[in-house]
Amino acid sequence: MKYKNVIFDLDSTLSSIEGIDELGKLRNMGEKIKSLTRQAMSGQLPFGRVFIRRLKLIKPTKTELIVIGQLYINSITPGAVELINWLYRHGTNIFVVTGGYADCTYPLTDYLRIPRKNVFANRLIFDGKGRFKGVDQRIPLWRDGGKREIVSRIMAAHPGKTVCVGDGIGDWEAAKITDGFIYFGGITYRPGVAAKADIAIKERNLFGLRSYLSR
């Protein structure tokens with residue numbers, strides 16, 4: 001295998017949806033939230049500012065995050081299961097680093113058999129009735145440069161060639177300290193980000209990445 005560590009994004013990578021956009025739909029503000037997401041993922045707006053703005057608009061409940069968690073599984077990207085299983089057979093360390101929320105990330109990563117200690121996501125804070133109160137700001141993934149910080153920690157703990165796989169500008173920025181960035185444009189193609197990648201693919205089936213990960 002070419003890489004010892006493979007670090008995946010989640011939204012529009014392991015799953016074909018953007019979880020925050022689906023939360024927006026639940027509150028009848030889908031287009032507004034989708035527009036903010038698109039601008040953040042393309043680098044047109046700072047991620048940290050968009051992250052906070054979307055949460056203030058939606059104020060998701062804990063129950064709604066559970067709904068999105070199931071939707072992640074229902075919308076799993078074709079070939080994701082096969083690719084993860086193939087990587088495990090080759091002794092690869094698999095990680096997920098996402099700007100999404102742990103409560104809706106874990107159902108999919110559990111389904112893919114990725115240990116929770118290898119999954120890094122934002123944690124939202126709720127009151128006793130499951131209503132949104134805020135975000136745990138000790139986890140850096142809510143702000144600009146947060147993914148890069150987490151990737152740096154992963155590489156320090158797991159020496160070896162490392163590659164990031166994702167679809168957003170934050171994935172590219174994090175990958176600058178690794179050995180490569182594979183842009184997965186099978187769900188959403190962002191030309192500005194794809195142009196920065198070492199490898200950019202448009203095919204929708206994630207299993208197609210195996211040739212780039214092994215050679």
# chains A, B, ... in the order shown; residues from 1 in each chain; ligands from 1
call {"tool": "closest_atom_pairs", "arguments": {"of": "region 115-194 of chain A", "to": "region 34-37 of chain A", "cutoff": "12 Å", "atoms": "only C-alpha atoms", "output": "JSON lines"}}
result
{"residue": "A:Gly168", "atom": "CA", "partner": "A:Thr37", "partner_atom": "CA", "distance": 10.0}
{"residue": "A:Ile169", "atom": "CA", "partner": "A:Thr37", "partner_atom": "CA", "distance": 11.4}
{"residue": "A:Thr188", "atom": "CA", "partner": "A:Thr37", "partner_atom": "CA", "distance": 11.8}
call {"tool": "residues_around", "arguments": {"residues": "Gln137 (chain A)", "least_positions_apart": "5", "cutoff": "12 Å", "atoms": "only C-alpha atoms", "output": "PyMOL selection string"}}
result
chain A and resi 48+51-52+121-125+142-143+146
call {"tool": "closest_atom_pairs", "arguments": {"of": "region 124-207 of chain A", "to": "region 2-22 of chain A", "cutoff": "12 Å", "atoms": "only C-alpha atoms", "output": "tab-separated table"}}
result
residue	atom	partner	partner_atom	distance
A:Leu141	CA	A:Asp9	CA	11.9
A:Lys147	CA	A:Asp9	CA	9.7
A:Arg148	CA	A:Ile7	CA	11.3
A:Ile150	CA	A:Ile7	CA	10.4
A:Val151	CA	A:Ile7	CA	8.0
A:Ser152	CA	A:Ile7	CA	11.3
A:Ile154	CA	A:Asn5	CA	8.8
A:Met155	CA	A:Asn5	CA	8.2
A:Ala156	CA	A:Asn5	CA	11.5
A:Ala157	CA	A:Asn5	CA	10.8
A:His158	CA	A:Asn5	CA	7.6
A:Pro159	CA	A:Lys4	CA	8.1
A:Gly160	CA	A:Lys4	CA	5.5
A:Lys161	CA	A:Tyr3	CA	4.9
A:Thr162	CA	A:Asn5	CA	4.6
A:Val163	CA	A:Val6	CA	5.2
A:Cys164	CA	A:Ile7	CA	4.7
A:Val165	CA	A:Phe8	CA	4.9
A:Gly166	CA	A:Asp9	CA	4.9
A:Asp167	CA	A:Thr13	CA	6.8
A:Gly168	CA	A:Asp9	CA	8.6
A:Ile169	CA	A:Asp9	CA	11.2
A:Gly170	CA	A:Asp9	CA	9.6
A:Asp171	CA	A:Asp9	CA	7.2
A:Trp172	CA	A:Asp9	CA	10.6
A:Ala174	CA	A:Ile7	CA	10.1
A:Ala175	CA	A:Ile7	CA	9.2
A:Thr178	CA	A:Asn5	CA	9.8
A:Asp179	CA	A:Tyr3	CA	8.5
A:Gly180	CA	A:Tyr3	CA	9.4
A:Phe181	CA	A:Ile7	CA	9.6
A:Ile182	CA	A:Phe8	CA	9.7
A:Tyr183	CA	A:Thr13	CA	9.4
A:Phe184	CA	A:Thr13	CA	6.6
A:Gly185	CA	A:Thr13	CA	8.2
A:Gly186	CA	A:Thr13	CA	8.0
A:Ile187	CA	A:Ser12	CA	5.6
A:Thr188	CA	A:Ser12	CA	6.6
A:Tyr189	CA	A:Ser12	CA	9.7
A:Arg190	CA	A:Ser12	CA	11.3
A:Ile201	CA	A:Thr13	CA	11.7
A:Lys202	CA	A:Thr13	CA	11.6
A:Glu203	CA	A:Thr13	CA	11.7
A:Arg204	CA	A:Ser16	CA	9.4
A:Asn205	CA	A:Thr13	CA	10.1
A:Leu206	CA	A:Leu14	CA	7.9
A:Phe207	CA	A:Leu14	CA	10.7
call {"tool": "select_by_dssp", "arguments": {"residues": "region 14-213 of chain A", "states": "strand (DSSP E)", "output": "number ranges by chain"}}
result
A: 93-101, 119-122, 124-126, 132-135, 162-166, 181-184, 199-201
call {"tool": "residues_around", "arguments": {"residues": "Trp86 (chain A)", "least_positions_apart": "2", "cutoff": "12 Å", "atoms": "only C-alpha atoms", "output": "PyMOL selection string"}}
result
chain A and resi 1+79-84+88-94+112+206-211+213-214
call {"tool": "closest_residue", "arguments": {"among": "A:Glu64, A:Asp144, A:Glu173, A:Glu31", "to": "Tyr101 (chain A)", "atoms": "only C-alpha atoms"}}
result
A:Glu64
call {"tool": "atom_distance", "arguments": {"atom1": "CA of Gly99 (chain A)", "atom2": "CA of Lys62 (chain A)"}}
result
17.0 Å
call {"tool": "select_by_dssp", "arguments": {"residues": "chain A", "states": "alpha helix (DSSP H)", "output": "short mmCIF file (atom, residue, chain, number, x, y, z; two decimals) with N, CA and C atoms, in the first residue's frame"}}
result
data_model
loop_
_atom_site.label_atom_id
_atom_site.label_comp_id
_atom_site.auth_asym_id
_atom_site.auth_seq_id
_atom_site.Cartn_x
_atom_site.Cartn_y
_atom_site.Cartn_z
N GLY A 19 -24.83 17.09 5.83
CA GLY A 19 -25.73 17.00 6.97
C GLY A 19 -26.34 18.32 7.39
N ILE A 20 -25.54 19.39 7.38
CA ILE A 20 -26.05 20.70 7.79
C ILE A 20 -27.12 21.20 6.82
N ASP A 21 -26.99 20.88 5.54
CA ASP A 21 -28.00 21.28 4.57
C ASP A 21 -29.31 20.54 4.82
N GLU A 22 -29.21 19.28 5.22
CA GLU A 22 -30.41 18.50 5.54
C GLU A 22 -31.08 19.05 6.79
N LEU A 23 -30.29 19.49 7.77
CA LEU A 23 -30.86 20.14 8.95
C LEU A 23 -31.59 21.42 8.54
N GLY A 24 -31.02 22.15 7.59
CA GLY A 24 -31.68 23.35 7.09
C GLY A 24 -33.03 23.05 6.46
N LYS A 25 -33.11 21.95 5.75
CA LYS A 25 -34.38 21.56 5.13
C LYS A 25 -35.45 21.30 6.19
N LEU A 26 -35.03 20.71 7.31
CA LEU A 26 -35.99 20.44 8.39
C LEU A 26 -36.59 21.72 8.94
N GLY A 30 -33.60 25.45 3.64
CA GLY A 30 -32.63 24.63 2.95
C GLY A 30 -31.75 25.38 1.97
N GLU A 31 -32.32 26.24 1.15
CA GLU A 31 -31.55 26.94 0.13
C GLU A 31 -30.57 27.93 0.76
N LYS A 32 -31.00 28.60 1.82
CA LYS A 32 -30.12 29.56 2.48
C LYS A 32 -28.91 28.86 3.09
N ILE A 33 -29.16 27.75 3.78
CA ILE A 33 -28.07 27.01 4.41
C ILE A 33 -27.17 26.39 3.34
N LYS A 34 -27.76 25.88 2.28
CA LYS A 34 -26.99 25.27 1.20
C LYS A 34 -26.05 26.28 0.56
N SER A 35 -26.52 27.50 0.38
CA SER A 35 -25.70 28.55 -0.21
C SER A 35 -24.50 28.87 0.68
N LEU A 36 -24.73 28.94 1.99
CA LEU A 36 -23.63 29.20 2.92
C LEU A 36 -22.62 28.06 2.90
N THR A 37 -23.12 26.83 2.87
CA THR A 37 -22.23 25.67 2.82
C THR A 37 -21.38 25.70 1.56
N ARG A 38 -22.00 25.98 0.43
CA ARG A 38 -21.28 26.00 -0.84
C ARG A 38 -20.15 27.05 -0.81
N GLN A 39 -20.45 28.22 -0.25
CA GLN A 39 -19.44 29.28 -0.19
C GLN A 39 -18.29 28.92 0.75
N ALA A 40 -18.61 28.27 1.86
CA ALA A 40 -17.56 27.87 2.80
C ALA A 40 -16.69 26.76 2.21
N MET A 41 -17.31 25.77 1.58
CA MET A 41 -16.57 24.63 1.05
C MET A 41 -15.70 25.02 -0.14
N SER A 42 -16.10 26.09 -0.84
CA SER A 42 -15.33 26.56 -1.99
C SER A 42 -14.27 27.59 -1.61
N PHE A 47 -14.70 29.44 6.88
CA PHE A 47 -15.50 28.34 7.42
C PHE A 47 -16.03 28.63 8.81
N GLY A 48 -15.16 29.18 9.67
CA GLY A 48 -15.57 29.44 11.05
C GLY A 48 -16.77 30.34 11.15
N ARG A 49 -16.79 31.40 10.33
CA ARG A 49 -17.92 32.33 10.36
C ARG A 49 -19.21 31.64 9.89
N VAL A 50 -19.08 30.84 8.82
CA VAL A 50 -20.25 30.13 8.29
C VAL A 50 -20.74 29.08 9.29
N PHE A 51 -19.82 28.39 9.94
CA PHE A 51 -20.19 27.36 10.91
C PHE A 51 -21.10 27.94 11.99
N ILE A 52 -20.68 29.05 12.59
CA ILE A 52 -21.46 29.67 13.66
C ILE A 52 -22.77 30.22 13.14
N ARG A 53 -22.74 30.84 11.98
CA ARG A 53 -23.96 31.44 11.42
C ARG A 53 -25.03 30.39 11.15
N ARG A 54 -24.62 29.27 10.58
CA ARG A 54 -25.60 28.21 10.29
C ARG A 54 -26.22 27.67 11.57
N LEU A 55 -25.40 27.47 12.59
CA LEU A 55 -25.93 26.94 13.85
C LEU A 55 -26.91 27.93 14.50
N LYS A 56 -26.60 29.21 14.43
CA LYS A 56 -27.49 30.21 15.02
C LYS A 56 -28.83 30.26 14.28
N LEU A 57 -28.78 30.01 12.99
CA LEU A 57 -30.02 30.01 12.19
C LEU A 57 -30.87 28.77 12.48
N ILE A 58 -30.22 27.61 12.57
CA ILE A 58 -30.96 26.35 12.68
C ILE A 58 -31.26 25.98 14.13
N LYS A 62 -31.15 17.70 19.62
CA LYS A 62 -30.47 16.41 19.66
C LYS A 62 -31.24 15.37 18.84
N THR A 63 -32.56 15.43 18.89
CA THR A 63 -33.39 14.50 18.11
C THR A 63 -33.16 14.67 16.62
N GLU A 64 -33.02 15.92 16.17
CA GLU A 64 -32.78 16.16 14.74
C GLU A 64 -31.43 15.61 14.30
N LEU A 65 -30.45 15.65 15.18
CA LEU A 65 -29.15 15.08 14.82
C LEU A 65 -29.25 13.57 14.63
N ILE A 66 -30.08 12.92 15.44
CA ILE A 66 -30.30 11.48 15.29
C ILE A 66 -30.92 11.18 13.93
N VAL A 67 -31.86 12.03 13.52
CA VAL A 67 -32.50 11.88 12.20
C VAL A 67 -31.45 11.97 11.10
N ILE A 68 -30.57 12.97 11.19
CA ILE A 68 -29.53 13.14 10.17
C ILE A 68 -28.55 11.98 10.19
N GLY A 69 -28.26 11.45 11.37
CA GLY A 69 -27.37 10.30 11.47
C GLY A 69 -27.88 9.12 10.67
N GLN A 70 -29.17 8.86 10.75
CA GLN A 70 -29.75 7.77 9.97
C GLN A 70 -29.73 8.09 8.48
N LEU A 71 -29.93 9.37 8.16
CA LEU A 71 -29.91 9.79 6.76
C LEU A 71 -28.52 9.62 6.16
N TYR A 72 -27.48 9.84 6.97
CA TYR A 72 -26.12 9.58 6.49
C TYR A 72 -25.96 8.14 6.03
N ILE A 73 -26.48 7.21 6.85
CA ILE A 73 -26.38 5.79 6.50
C ILE A 73 -27.21 5.49 5.26
N ASN A 74 -28.41 6.04 5.19
CA ASN A 74 -29.28 5.80 4.03
C ASN A 74 -28.69 6.37 2.75
N ALA A 80 -18.34 3.05 -0.74
CA ALA A 80 -17.69 3.41 0.53
C ALA A 80 -17.40 2.17 1.37
N VAL A 81 -18.37 1.30 1.51
CA VAL A 81 -18.19 0.08 2.31
C VAL A 81 -17.07 -0.77 1.73
N GLU A 82 -17.10 -0.94 0.42
CA GLU A 82 -16.09 -1.77 -0.24
C GLU A 82 -14.69 -1.18 -0.08
N LEU A 83 -14.58 0.15 -0.19
CA LEU A 83 -13.27 0.79 -0.06
C LEU A 83 -12.73 0.67 1.36
N ILE A 84 -13.58 0.91 2.36
CA ILE A 84 -13.14 0.79 3.75
C ILE A 84 -12.69 -0.64 4.05
N ASN A 85 -13.47 -1.61 3.62
CA ASN A 85 -13.10 -3.01 3.85
C ASN A 85 -11.78 -3.36 3.15
N TRP A 86 -11.59 -2.86 1.96
CA TRP A 86 -10.36 -3.10 1.20
C TRP A 86 -9.16 -2.50 1.92
N LEU A 87 -9.32 -1.28 2.44
CA LEU A 87 -8.24 -0.63 3.18
C LEU A 87 -7.89 -1.41 4.44
N TYR A 88 -8.90 -1.90 5.13
CA TYR A 88 -8.64 -2.70 6.33
C TYR A 88 -7.86 -3.96 5.99
N ARG A 89 -8.22 -4.60 4.90
CA ARG A 89 -7.52 -5.83 4.50
C ARG A 89 -6.04 -5.56 4.21
N ALA A 102 -20.67 15.23 15.97
CA ALA A 102 -20.42 13.86 16.41
C ALA A 102 -21.71 13.03 16.51
N ASP A 103 -22.78 13.62 17.03
CA ASP A 103 -24.01 12.85 17.25
C ASP A 103 -24.60 12.30 15.96
N CYS A 104 -24.36 12.96 14.83
CA CYS A 104 -24.88 12.39 13.58
C CYS A 104 -23.77 11.76 12.74
N THR A 105 -22.52 11.94 13.13
CA THR A 105 -21.40 11.30 12.44
C THR A 105 -21.23 9.85 12.87
N TYR A 106 -21.34 9.58 14.17
CA TYR A 106 -21.07 8.25 14.69
C TYR A 106 -21.93 7.13 14.08
N PRO A 107 -23.21 7.35 13.81
CA PRO A 107 -23.96 6.24 13.21
C PRO A 107 -23.33 5.72 11.92
N LEU A 108 -22.84 6.63 11.06
CA LEU A 108 -22.23 6.18 9.82
C LEU A 108 -20.86 5.58 10.05
N THR A 109 -20.04 6.21 10.88
CA THR A 109 -18.69 5.66 11.10
C THR A 109 -18.75 4.33 11.86
N ASP A 110 -19.73 4.18 12.75
CA ASP A 110 -19.93 2.88 13.40
C ASP A 110 -20.30 1.82 12.36
N TYR A 111 -21.18 2.19 11.46
CA TYR A 111 -21.62 1.29 10.39
C TYR A 111 -20.44 0.84 9.52
N GLY A 146 -8.99 24.25 11.61
CA GLY A 146 -9.23 23.18 12.58
C GLY A 146 -8.89 21.80 12.06
N LYS A 147 -9.24 21.54 10.80
CA LYS A 147 -8.94 20.22 10.23
C LYS A 147 -7.44 19.98 10.17
N ARG A 148 -6.71 21.01 9.79
CA ARG A 148 -5.26 20.88 9.70
C ARG A 148 -4.67 20.54 11.08
N GLU A 149 -5.21 21.16 12.12
CA GLU A 149 -4.72 20.89 13.47
C GLU A 149 -4.95 19.43 13.86
N ILE A 150 -6.13 18.92 13.55
CA ILE A 150 -6.44 17.52 13.87
C ILE A 150 -5.58 16.57 13.05
N VAL A 151 -5.40 16.87 11.77
CA VAL A 151 -4.58 16.02 10.92
C VAL A 151 -3.15 15.98 11.43
N SER A 152 -2.65 17.10 11.91
CA SER A 152 -1.31 17.15 12.48
C SER A 152 -1.19 16.22 13.69
N ARG A 153 -2.22 16.20 14.52
CA ARG A 153 -2.22 15.32 15.69
C ARG A 153 -2.22 13.85 15.26
N ILE A 154 -3.02 13.54 14.25
CA ILE A 154 -3.09 12.16 13.75
C ILE A 154 -1.72 11.71 13.26
N MET A 155 -1.06 12.56 12.50
CA MET A 155 0.23 12.20 11.92
C MET A 155 1.30 12.03 13.00
N ALA A 156 1.21 12.83 14.06
CA ALA A 156 2.17 12.69 15.15
C ALA A 156 1.99 11.37 15.88
N ALA A 157 0.73 10.94 16.01
CA ALA A 157 0.44 9.70 16.73
C ALA A 157 0.61 8.46 15.86
N ILE A 169 -12.40 22.96 0.57
CA ILE A 169 -11.17 23.72 0.69
C ILE A 169 -10.46 23.40 2.01
N GLY A 170 -11.22 23.09 3.06
CA GLY A 170 -10.62 22.73 4.34
C GLY A 170 -9.85 21.43 4.27
N ASP A 171 -10.32 20.50 3.44
CA ASP A 171 -9.61 19.23 3.26
C ASP A 171 -8.28 19.48 2.56
N TRP A 172 -8.29 20.33 1.55
CA TRP A 172 -7.05 20.66 0.85
C TRP A 172 -6.06 21.35 1.77
N GLU A 173 -6.55 22.29 2.58
CA GLU A 173 -5.66 23.01 3.49
C GLU A 173 -5.03 22.05 4.51
N ALA A 174 -5.83 21.12 5.00
CA ALA A 174 -5.31 20.14 5.96
C ALA A 174 -4.29 19.22 5.30
N ALA A 175 -4.55 18.89 4.05
CA ALA A 175 -3.69 17.94 3.34
C ALA A 175 -2.32 18.51 2.99
N PRO A 191 -14.68 23.07 -8.89
CA PRO A 191 -13.50 23.20 -9.76
C PRO A 191 -12.32 23.88 -9.09
N GLY A 192 -12.58 24.92 -8.28
CA GLY A 192 -11.50 25.64 -7.64
C GLY A 192 -10.72 24.79 -6.68
N VAL A 193 -11.40 23.87 -5.99
CA VAL A 193 -10.73 22.97 -5.05
C VAL A 193 -10.07 21.83 -5.81
N ALA A 194 -10.77 21.30 -6.80
CA ALA A 194 -10.22 20.20 -7.58
C ALA A 194 -8.90 20.58 -8.23
N ARG A 210 -9.25 3.10 -5.00
CA ARG A 210 -8.26 2.11 -4.56
C ARG A 210 -7.02 2.12 -5.45
N SER A 211 -7.19 2.40 -6.73
CA SER A 211 -6.02 2.41 -7.61
C SER A 211 -5.08 3.56 -7.28
N TYR A 212 -5.62 4.68 -6.80
CA TYR A 212 -4.79 5.82 -6.45
C TYR A 212 -4.14 5.65 -5.06
N LEU A 213 -4.77 4.85 -4.24
CA LEU A 213 -4.26 4.65 -2.88
C LEU A 213 -3.19 3.56 -2.81
N SER A 214 -3.14 2.72 -3.83
CA SER A 214 -2.24 1.57 -3.76
C SER A 214 -0.98 1.72 -4.61
#
call {"tool": "atom_distance", "arguments": {"atom1": "CA of Asp136 (chain A)", "atom2": "CA of Val97 (chain A)"}}
result
15.9 Å
call {"tool": "atom_distance", "arguments": {"atom1": "CA of Arg138 (chain A)", "atom2": "CA of Phe120 (chain A)"}}
result
12.3 Å
